[in-house]
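Trainee: What follows is coords_8.txt, made up of compact mmCIF, C-alpha atoms:
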```txt
# COMPACT_ATOMS: atom_id res chain seq x y z
CA MET A 247 82.97 40.29 49.96
CA ARG A 248 79.81 39.85 51.94
CA ASN A 249 77.29 42.60 52.52
CA ARG A 250 78.10 42.55 56.24
CA ASP A 251 81.81 43.17 55.66
CA ILE A 252 81.11 46.02 53.26
CA ARG A 253 78.84 47.69 55.81
CA LEU A 254 81.44 47.18 58.51
CA ILE A 255 84.19 48.76 56.40
CA TRP A 256 81.97 51.68 55.45
CA ASN A 257 81.04 52.36 59.04
CA ILE A 258 84.63 52.14 60.25
CA ALA A 259 85.68 54.48 57.44
CA ALA A 260 82.92 56.91 58.40
CA ALA A 261 84.03 56.79 62.04
CA ILE A 262 87.65 57.46 61.03
CA VAL A 263 86.55 60.44 58.93
CA LEU A 264 84.52 61.65 61.90
CA LEU A 265 87.57 61.30 64.10
CA PHE A 266 89.47 63.77 61.92
CA VAL A 267 86.77 66.19 60.84
CA GLY A 268 84.57 65.80 63.92
CA PRO A 269 86.28 68.29 66.27
CA PRO A 270 86.48 71.16 63.73
CA LEU A 271 82.98 70.31 62.52
CA LEU A 272 81.68 70.36 66.07
CA GLY A 273 83.57 73.58 66.80
CA VAL A 274 82.20 75.41 63.76
CA GLY A 275 78.73 73.92 64.06
CA GLY A 276 78.65 74.57 67.78
CA SER A 277 79.73 78.18 67.33
CA ILE A 278 77.10 78.80 64.66
CA LEU A 279 74.36 77.12 66.68
CA GLY A 280 75.50 78.92 69.84
CA ALA A 281 75.44 82.27 68.06
CA LYS A 282 72.00 81.53 66.64
CA PHE A 283 70.77 80.54 70.07
CA ALA A 284 72.27 83.64 71.68
CA SER A 285 70.72 85.86 69.01
CA LEU A 286 67.31 84.71 70.20
CA PHE A 287 67.99 86.53 73.47
CA PHE A 288 70.46 89.28 72.53
CA SER A 289 69.70 91.01 69.25
CA ASP A 290 72.56 92.90 67.60
CA ASP A 291 70.46 95.96 66.75
CA ALA A 292 70.39 99.00 68.98
CA SER A 293 67.34 97.96 70.96
CA PRO A 294 66.56 99.64 74.28
CA GLU A 295 67.70 96.48 76.12
CA SER A 296 71.15 96.39 74.51
CA GLY A 297 71.51 100.15 75.03
CA TYR A 298 70.66 99.70 78.66
CA LEU A 299 73.19 96.86 78.97
CA SER A 300 76.06 98.80 77.42
CA LEU A 301 75.17 101.84 79.52
CA SER A 302 75.22 99.69 82.66
CA VAL A 303 78.66 98.33 81.82
CA LYS A 304 79.95 101.81 81.07
CA LEU A 305 78.59 103.17 84.33
CA MET A 306 80.04 100.24 86.24
CA LEU A 307 83.50 100.97 84.83
CA GLU A 308 83.15 104.68 85.56
CA ASN A 309 82.06 103.83 89.08
CA ALA A 310 85.15 101.69 89.67
CA GLU A 311 87.38 104.49 88.37
CA LEU A 312 85.69 107.07 90.60
CA ARG A 313 86.01 104.83 93.64
CA GLU A 314 89.74 104.50 93.03
CA MET A 315 90.08 108.25 92.61
CA ALA A 316 88.10 108.85 95.81
CA ALA A 317 90.42 106.52 97.74
CA LYS A 318 93.46 108.38 96.36
CA SER A 319 91.85 111.69 97.16
CA ARG A 320 91.25 110.66 100.79
CA LEU A 321 94.87 109.58 101.08
CA TYR A 322 96.26 112.81 99.65
CA ARG A 323 93.93 114.91 101.74
CA SER A 324 95.09 113.27 104.94
CA MET A 325 98.69 113.67 103.84
CA LEU A 326 98.22 117.31 102.92
CA ASN A 327 96.74 118.14 106.32
CA TYR A 328 100.30 118.08 107.60
CA THR A 329 101.36 120.77 105.25
CA ARG A 330 99.15 123.50 106.63
CA MET A 331 102.20 125.40 107.67
CA PRO A 332 103.70 128.52 106.18
CA ASP A 333 106.56 128.34 103.72
CA VAL A 334 106.18 124.62 103.07
CA THR A 335 105.00 123.00 99.87
CA ALA A 336 104.41 119.31 99.33
CA LEU A 337 105.35 116.97 96.53
CA VAL A 338 104.00 113.45 96.12
CA GLY A 339 106.67 110.84 95.41
CA ARG A 340 106.07 107.24 94.47
CA VAL A 341 108.35 104.66 96.09
CA MET A 342 110.06 102.82 93.23
CA TYR A 343 111.96 100.27 95.29
CA ARG A 344 113.77 99.71 98.56
CA SER A 345 117.50 99.32 98.77
CA GLU A 346 119.12 96.76 101.03
CA GLY A 347 119.89 98.43 104.32
CA LEU A 348 121.04 97.85 107.86
CA VAL A 349 117.58 97.92 109.40
CA ARG A 350 114.79 98.31 106.87
CA GLY A 351 116.48 99.72 103.78
CA ASP A 352 116.25 103.14 102.17
CA LEU A 353 113.28 104.19 100.05
CA ILE A 354 114.01 105.28 96.49
CA VAL A 355 111.33 107.70 95.27
CA ASP A 356 110.67 108.96 91.77
CA ARG A 357 111.21 112.65 92.54
CA GLY A 358 114.60 114.33 92.28
CA SER A 359 116.31 117.68 91.89
CA ASP A 360 114.40 118.33 88.67
CA HIS A 361 111.26 118.42 90.81
CA GLY A 362 112.81 120.63 93.46
CA VAL A 363 113.78 117.96 95.96
CA TYR A 364 116.91 118.68 98.02
CA PRO A 365 118.88 116.71 100.65
CA GLY A 366 117.37 117.20 104.10
CA ALA A 367 113.76 117.40 102.88
CA VAL A 368 111.36 115.70 105.28
CA CYS A 369 109.11 112.89 104.04
CA ILE A 370 105.78 111.91 105.57
CA THR A 371 102.96 109.51 104.80
CA SER A 372 99.30 109.64 105.74
CA ARG A 373 100.21 107.84 108.99
CA GLY A 374 103.16 109.91 110.09
CA LEU A 375 106.83 110.72 109.72
CA ALA A 376 108.59 108.51 107.20
CA GLY A 377 112.16 109.79 106.95
CA ILE A 378 114.47 112.32 105.41
CA VAL A 379 115.98 112.77 101.96
CA THR A 380 119.72 112.13 102.08
CA SER A 381 120.78 112.13 98.44
CA VAL A 382 119.20 113.46 95.29
CA ASP A 383 119.61 112.65 91.61
CA ALA A 384 117.92 114.45 88.77
CA THR A 385 114.82 112.26 88.76
CA SER A 386 115.03 110.22 91.96
CA SER A 387 116.06 110.60 95.55
CA THR A 388 116.92 108.42 98.51
CA VAL A 389 114.82 108.64 101.65
CA VAL A 390 116.35 107.22 104.82
CA PRO A 391 113.55 106.00 107.11
CA ILE A 392 113.41 107.02 110.76
CA THR A 393 114.09 103.39 111.69
CA SER A 394 117.63 103.81 110.36
CA PRO A 395 120.36 104.05 113.06
CA SER A 396 121.67 107.27 111.48
CA ILE A 397 118.46 109.19 112.13
CA HIS A 398 117.73 110.98 115.39
CA VAL A 399 114.62 113.08 115.89
CA SER A 400 113.70 115.43 118.67
CA CYS A 401 110.28 114.30 119.88
CA ILE A 402 107.65 115.02 122.47
CA THR A 403 104.83 112.91 123.85
CA ALA A 404 101.39 114.34 123.13
CA THR A 405 99.78 114.11 126.61
CA THR A 406 102.50 114.50 129.20
CA GLY A 407 104.88 116.56 127.06
CA SER A 408 107.90 114.38 127.76
CA LEU A 409 110.79 115.48 125.57
CA GLY A 410 113.51 113.17 124.26
CA ILE A 411 115.63 112.10 121.35
CA LEU A 412 114.22 109.37 119.17
CA GLY A 413 116.63 106.79 117.78
CA SER A 414 116.31 103.30 116.40
CA GLN A 415 117.09 99.95 117.95
CA SER A 416 117.33 96.52 116.47
CA GLY A 417 114.27 95.04 114.76
CA GLY A 418 113.03 98.35 113.46
CA ARG A 419 111.76 99.50 116.85
CA LEU A 420 112.25 103.07 117.99
CA ARG A 421 113.38 104.32 121.39
CA LEU A 422 112.85 107.77 122.87
CA GLU A 423 115.79 108.42 125.17
CA TYR A 424 116.96 111.06 127.61
CA VAL A 425 113.42 111.66 128.85
CA ASP A 426 113.14 113.56 132.07
CA SER A 427 111.99 111.12 134.78
CA SER A 428 109.83 113.78 136.41
CA SER A 429 107.65 114.11 133.30
CA LYS A 430 105.88 110.77 133.98
CA PRO A 431 105.23 109.55 130.42
CA GLU A 432 102.55 106.87 129.92
CA THR A 433 102.23 103.92 127.62
CA GLY A 434 99.87 104.46 124.68
CA GLU A 435 100.76 108.11 124.30
CA THR A 436 101.28 109.48 120.82
CA VAL A 437 104.81 110.64 120.06
CA LEU A 438 105.14 113.74 117.89
CA THR A 439 108.05 115.72 116.48
CA SER A 440 108.95 118.62 118.73
CA ARG A 441 109.70 122.22 117.84
CA PHE A 442 113.34 121.69 118.81
CA GLY A 443 115.98 120.41 116.46
CA GLY A 444 115.16 122.59 113.49
CA VAL A 445 115.02 119.79 110.91
CA TYR A 446 111.52 118.32 111.27
CA PRO A 447 108.36 120.42 111.33
CA GLU A 448 106.59 120.37 114.68
CA GLY A 449 103.64 118.05 115.43
CA ILE A 450 104.15 115.23 112.96
CA VAL A 451 103.09 111.85 114.36
CA VAL A 452 106.03 109.50 114.85
CA GLY A 453 104.54 106.60 116.79
CA ARG A 454 103.07 105.38 120.04
CA VAL A 455 104.68 104.65 123.41
CA GLU A 456 104.82 100.92 124.01
CA SER A 457 106.67 100.77 127.29
CA VAL A 458 108.51 102.98 129.74
CA SER A 459 111.76 101.94 131.38
CA GLU A 460 114.68 103.47 133.21
CA GLY A 461 117.50 104.83 131.10
CA ALA A 462 120.98 103.29 130.96
CA ARG A 463 122.41 105.68 133.57
CA GLY A 464 119.42 105.52 135.86
CA LEU A 465 118.94 109.28 135.72
CA ASP A 466 116.44 109.44 132.92
CA LEU A 467 113.69 107.38 131.24
CA SER A 468 113.74 105.44 128.03
CA LEU A 469 110.50 104.87 126.05
CA GLU A 470 110.00 102.12 123.54
CA VAL A 471 108.04 103.51 120.58
CA SER A 472 106.28 101.61 117.81
CA PRO A 473 106.46 103.57 114.55
CA ALA A 474 103.21 104.91 113.10
CA VAL A 475 104.33 104.17 109.55
CA ASP A 476 104.36 100.60 108.29
CA PHE A 477 107.54 100.79 106.25
CA GLU A 478 106.83 97.48 104.52
CA ARG A 479 103.76 98.95 102.87
CA VAL A 480 104.81 102.49 101.98
CA ASN A 481 103.88 103.17 98.36
CA GLU A 482 103.83 106.93 98.29
CA VAL A 483 105.38 109.67 100.40
CA LEU A 484 104.81 113.37 100.64
CA ILE A 485 108.06 115.31 100.39
CA LEU A 486 107.89 118.58 102.32
CA LEU A 487 109.82 121.35 100.62
CA SER A 488 110.45 124.64 102.34
CA GLU A 489 110.23 127.54 99.94
CA GLU A 490 113.60 129.03 100.80
CA ASN A 491 115.40 125.73 100.14
CA ALA A 492 113.42 125.13 96.97
CA GLN A 493 114.64 128.44 95.59
CA MET B 286 60.90 47.15 62.07
CA ARG B 287 59.40 46.41 65.44
CA ASP B 288 62.60 44.57 66.42
CA HIS B 289 64.67 47.59 65.37
CA LEU B 290 62.54 49.93 67.42
CA SER B 291 62.72 47.85 70.58
CA GLY B 292 66.43 47.22 69.92
CA TRP B 293 67.12 50.92 69.63
CA LEU B 294 65.23 51.52 72.84
CA ILE B 295 67.44 48.99 74.60
CA VAL B 296 70.58 50.53 73.06
CA ALA B 297 69.42 54.03 74.01
CA ALA B 298 68.85 52.86 77.59
CA ALA B 299 72.30 51.26 77.64
CA VAL B 300 73.87 54.48 76.31
CA VAL B 301 72.15 56.52 79.02
CA VAL B 302 73.19 54.09 81.77
CA GLN B 303 76.78 53.96 80.44
CA PHE B 304 76.91 57.74 80.23
CA LEU B 305 75.57 58.22 83.74
CA MET B 306 77.97 55.67 85.19
CA GLU B 307 80.97 57.15 83.41
CA VAL B 308 80.21 60.69 84.58
CA THR B 309 79.56 59.58 88.14
CA LEU B 310 82.01 56.72 88.67
CA GLY B 311 84.77 57.74 86.25
CA ARG B 312 85.74 57.10 82.69
CA VAL B 313 86.99 53.93 81.00
CA PHE B 314 88.79 52.32 83.90
CA VAL B 315 86.11 52.48 86.58
CA ALA B 316 82.55 52.35 85.22
CA PRO B 317 81.35 48.85 84.26
CA ALA B 318 81.05 48.29 80.49
CA ILE B 319 77.35 47.99 79.61
CA LEU B 320 77.01 49.10 76.02
CA VAL B 321 79.29 46.57 74.32
CA PRO B 322 77.70 43.49 75.97
CA VAL B 323 74.26 44.88 75.06
CA LEU B 324 75.26 45.28 71.40
CA VAL B 325 76.86 41.82 71.36
CA TYR B 326 73.74 40.35 72.86
CA LEU B 327 71.46 42.03 70.31
CA SER B 328 73.68 41.01 67.39
CA LEU B 329 73.74 37.39 68.55
CA LEU B 330 70.03 37.32 69.12
CA TYR B 331 68.75 39.30 66.13
CA SER B 332 71.19 40.41 63.42
CA ASP B 333 74.61 41.92 62.85
CA TYR B 334 72.83 45.24 62.30
CA TRP B 335 73.43 45.88 66.00
CA SER B 336 77.13 45.11 65.89
CA ILE B 337 77.60 47.54 62.96
CA GLU B 338 75.02 50.32 62.73
CA GLY B 339 74.17 49.98 66.40
CA ALA B 340 77.82 50.26 67.43
CA MET B 341 78.45 53.14 65.03
CA TRP B 342 75.63 55.42 66.19
CA SER B 343 75.60 54.53 69.87
CA GLY B 344 79.38 55.09 69.94
CA LEU B 345 78.99 58.47 68.32
CA VAL B 346 76.31 59.48 70.80
CA ILE B 347 78.36 58.42 73.80
CA ASP B 348 81.41 60.26 72.42
CA LEU B 349 79.40 63.44 72.06
CA LEU B 350 77.87 63.04 75.51
CA LEU B 351 81.22 62.42 77.18
CA HIS B 352 83.13 65.07 75.19
CA GLN B 353 85.43 62.44 73.71
CA PRO B 354 86.85 62.74 70.18
CA PRO B 355 83.80 61.86 68.02
CA GLY B 356 84.17 58.49 66.35
CA VAL B 357 86.60 56.93 68.83
CA SER B 358 84.01 54.80 70.62
CA SER B 359 82.42 53.88 67.27
CA ILE B 360 85.72 52.61 65.85
CA ALA B 361 86.55 50.83 69.10
CA MET B 362 83.19 49.05 69.33
CA LEU B 363 82.96 48.25 65.60
CA SER B 364 86.43 46.73 65.54
CA GLY B 365 86.11 45.09 68.99
CA ILE B 366 82.86 43.33 68.24
CA ALA B 367 84.02 42.37 64.73
CA VAL B 368 87.30 40.87 65.98
CA ALA B 369 85.52 38.95 68.74
CA GLY B 370 83.01 37.67 66.18
CA LYS B 371 85.78 36.51 63.85
CA LEU B 372 87.75 34.80 66.61
CA LEU B 373 84.72 33.02 68.04
CA LYS B 374 83.11 32.30 64.69
CA SER B 375 83.10 28.54 65.15
CA THR B 376 81.96 28.59 68.78
CA THR B 377 78.77 26.72 69.44
CA GLY B 378 76.69 26.30 72.55
CA VAL B 379 73.83 27.82 74.43
CA LEU B 380 73.32 31.55 74.17
CA GLU B 381 74.70 32.30 77.61
CA VAL B 382 78.09 30.72 76.88
CA VAL B 383 78.44 32.19 73.40
CA PHE B 384 77.34 35.56 74.65
CA VAL B 385 79.71 35.60 77.63
CA PHE B 386 82.74 34.73 75.52
CA ASN B 387 81.80 37.14 72.74
CA ALA B 388 81.03 40.00 75.10
CA LEU B 389 84.19 39.44 77.12
CA LEU B 390 86.44 39.41 74.10
CA ALA B 391 84.62 42.28 72.39
CA SER B 392 84.85 44.44 75.53
CA VAL B 393 88.56 43.80 75.92
CA PHE B 394 89.27 44.63 72.26
CA THR B 395 87.01 47.68 72.41
CA ASP B 396 88.78 49.03 75.48
CA ILE B 397 92.21 48.42 73.99
CA VAL B 398 91.32 50.20 70.74
CA PHE B 399 89.62 52.99 72.65
CA ILE B 400 92.61 53.57 74.92
CA PHE B 401 94.89 53.51 71.88
CA LEU B 402 92.86 56.06 69.91
CA ALA B 403 91.56 58.34 72.66
CA ALA B 404 94.92 59.01 74.34
CA ARG B 405 96.87 62.08 73.26
CA PRO B 406 99.37 61.55 71.75
CA VAL B 407 97.69 58.56 70.15
CA GLY B 408 98.88 55.26 71.65
CA SER B 409 100.29 56.78 74.84
CA GLY B 410 97.46 55.69 77.14
CA PHE B 411 98.67 52.24 78.03
CA GLY B 412 100.02 51.59 81.49
CA ALA B 413 99.43 49.63 84.65
CA GLN B 414 95.93 51.12 84.94
CA THR B 415 94.96 49.36 81.69
CA LEU B 416 94.57 46.22 83.78
CA LEU B 417 91.52 47.81 85.40
CA VAL B 418 89.50 47.06 82.24
CA VAL B 419 89.37 43.41 83.35
CA PRO B 420 87.28 43.86 86.54
CA ARG B 421 84.99 46.35 84.81
CA ILE B 422 84.22 43.80 82.12
CA VAL B 423 83.94 40.81 84.46
CA PHE B 424 81.66 42.73 86.79
CA VAL B 425 79.05 43.37 84.15
CA LEU B 426 79.27 39.90 82.64
CA LEU B 427 78.28 38.46 85.99
CA LEU B 428 74.92 40.16 85.55
CA PHE B 429 74.32 39.32 81.92
CA PRO B 430 73.65 35.58 81.95
CA GLY B 431 70.39 36.40 83.69
CA ILE B 432 69.12 38.60 80.87
CA PRO B 433 68.36 35.85 78.29
CA ILE B 434 66.41 34.06 80.98
CA LEU B 435 64.45 37.22 81.63
CA LEU B 436 63.70 37.56 77.92
CA GLY B 437 62.70 33.89 77.58
CA ARG B 438 65.46 32.98 75.10
CA LYS B 439 67.37 30.60 77.28
CA ASN B 440 66.96 27.59 74.99
CA ARG B 441 68.24 29.24 71.84
CA GLU B 442 71.45 27.65 70.55
CA PHE B 443 74.04 28.81 68.02
```
Hey, can you dump this file as structure tokens for me?
Mentor:
Amino acid sequence: MRNRDIRLIWNIAAAIVLLFVGPPLLGVGGSILGAKFASLFFSDDASPESGYLSLSVKLMLENAELREMAAKSRLYRSMLNYTRMPDVTALVGRVMYRSEGLVRGDLIVDRGSDHGVYPGAVCITSRGLAGIVTSVDATSSTVVPITSPSIHVSCITATTGSLGILGSQSGGRLRLEYVDSSSKPETGETVLTSRFGGVYPEGIVVGRVESVSEGARGLDLSLEVSPAVDFERVNEVLILLSEENAQ
Amino acid sequence: MRDHLSGWLIVAAAVVVQFLMEVTLGRVFVAPAILVPVLVYLSLLYSDYWSIEGAMWSGLVIDLLLHQPPGVSSIAMLSGIAVAGKLLKSTTGVLEVVFVFNALLASVFTDIVFIFLAARPVGSGFGAQTLLVVPRIVFVLLLFPGIPILLGRKNREF
């Protein structure tokens, strides 16, 4: 065999060996070299620089946590403003899921009779009236939203004081009916719960007047109302519990 | 020694050009093949050192630069140039003709071996796109006949 052929075979053999051991060799060698290179800049002892770095990371994480807590706190504070009424306590419930329903579906929250929840308890969010508890299990309860056809709420407009009964219509819209035509309600007015009816506490925001039209019989007015609560995005509700019912 | 130094400079330049073309134009099937014809040319003109050691080390460098499995290009070029040399052993003629045939055959074999070894799983890389190796080889060979003239070796015969 000629010298050229021997060299050729040796080189091909070396390349084949490289093909098999090359990737792990490169991986290990690269890691070692990379670590050596990194150690030139970041020493593993407790130098002031590394202490500063770890402190920065720790503070950054703490900051993120505090920001989240502040956001929660703002939410709860705005929700709790509604509960400044005698004989009412509030309980925060997390919406676990929504059941399939006629209009928007019922909200299932993670608070039940074990927590003092009872059927008929009113639920609100930071934006306004959400619905009413209709059935209660030990650890969960069903909240029917005000967009459900079975719910009717006695309401009043904030500026002109037009009274009416709020019910739902198709598409999740609300309609305030039986409004006295002499009260002259206006579009854009805020709709609140009224002191009549006895179920809902007075003054809870329900929505905003979108349009005013004549009622079906022509003797009264009918107001289209857009709900204040976005029921697609409700994550938490505040369940209002009156002390006498809770006992 | 002086020949080796200038030869390695040429090979290094070819590796850099090949690397730059492959990262800008695309791998195997798009960038023109430069390195194999250069090695064939050097081996024909000087010694088979360039078709063996030259192919081995330049292949390894280009594999590392292009993040290919190390050794694939070396095996492909070593075997490609060797097979072309064996098949065209009895060819005689002026340098340009011998070079063109050798480089063409060596490039084709190199690409075939490379595609076979570099694909994962091994051997799965062949398809219609393999035909693209032909224009990439022909393209560069159109430029190469001018090089011996530039280097003043046009009258050398084999």
Trainee: When distances are computed from only C-alpha atoms, which of B:Pro355, B:Pro322, B:Pro317, B:Gly292 shows the smallest separation from B:Ala369?
Mentor: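 Nearest candidate to B:Ala369 out of B:Pro355, B:Pro322, B:Pro317, B:Gly292: B:Pro322.
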Trainee: As a ChimeraX atom specification, could you give me every residue of chain B near chain A (at most 9 Å apart, counting all atoms listed in the file)?
Mentor: /B:333-334,336-338,341,345,354-360,363-364,367
Trainee: Assuming 3 Å of padding per side, give the centre and edge lengths of the axis-aligned box around every listed atom of stretch 289-293 of chain B, in Å to one decimal and as AutoDock Vina command-line options.
Mentor:
```
--center_x 64.8 --center_y 49.1 --center_z 68.0 --size_x 10.6 --size_y 9.7 --size_z 11.2
```
Trainee: Determine the nearest neighbour of A:Gly377 from the options A:Leu422, A:Leu409, A:Met306, A:Val480, counting only C-alpha atoms.
Mentor: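 Going through A:Leu422, A:Leu409, A:Met306, A:Val480 one by one, the smallest distance to A:Gly377 is for A:Val480.
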Trainee: What does the structure give for the distance between atom CA of B:Ser375 and atom CA of B:Ala340, in Å to one decimal?
Mentor: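 One can read the atom CA of B:Ser375 to atom CA of B:Ala340 distance as 22.5 Å.
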Trainee: Nearest to A:Leu484: which of A:Gly280, A:Gly374, A:Gly297, A:Pro447 is it, counting all atoms listed in the file?
Mentor: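 Answer, going by the shortest atom-to-atom distance: A:Gly374.
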Trainee: Just to confirm, what's the straight-line distance from atom CA of B:Phe304 to atom CA of B:Gln353 in Å (one decimal)?
Mentor: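 Atom-to-atom, atom CA of B:Phe304 and atom CA of B:Gln353 are spaced 11.7 Å apart.
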Trainee: Which residues, written as number ranges by chain, have at least one atom at most 12 Å from A:Phe477, with all atoms listed in the file counted and residues fewer than 3 positions away on the same chain left out?
Mentor: A: 341, 343-344, 349-353, 370-371, 373-377, 389-394, 418-419, 472-474, 480-483
Trainee: Select, from A:Cys369, A:Val471, A:Val445, A:Met342, the residue with the minimum atom-to-atom distance to A:Gly413, counting all atoms listed in the file.
Mentor: A:Val471
Trainee: Could you give me, as an MDAnalysis selection string, the residues within 6 Å of stretch 390-396 of chain B, counting all atoms listed in the file and dropping anything in the same chain fewer than 6 positions from it?
Mentor: chainID B and resid 361:362 365:366 369
Trainee: Could you tell me how far atom CA of B:Val425 sits from atom CA of B:Glu381, in Å to one decimal place?
Mentor: 13.6 Å
Trainee: Here is a test: counting all atoms listed in the file, which residue of A:Leu301, A:Ala284, A:Ala367, A:Val452 is nearest to A:Val334?
Mentor: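 Going through A:Leu301, A:Ala284, A:Ala367, A:Val452 one by one, the smallest distance to A:Val334 is for A:Ala367.
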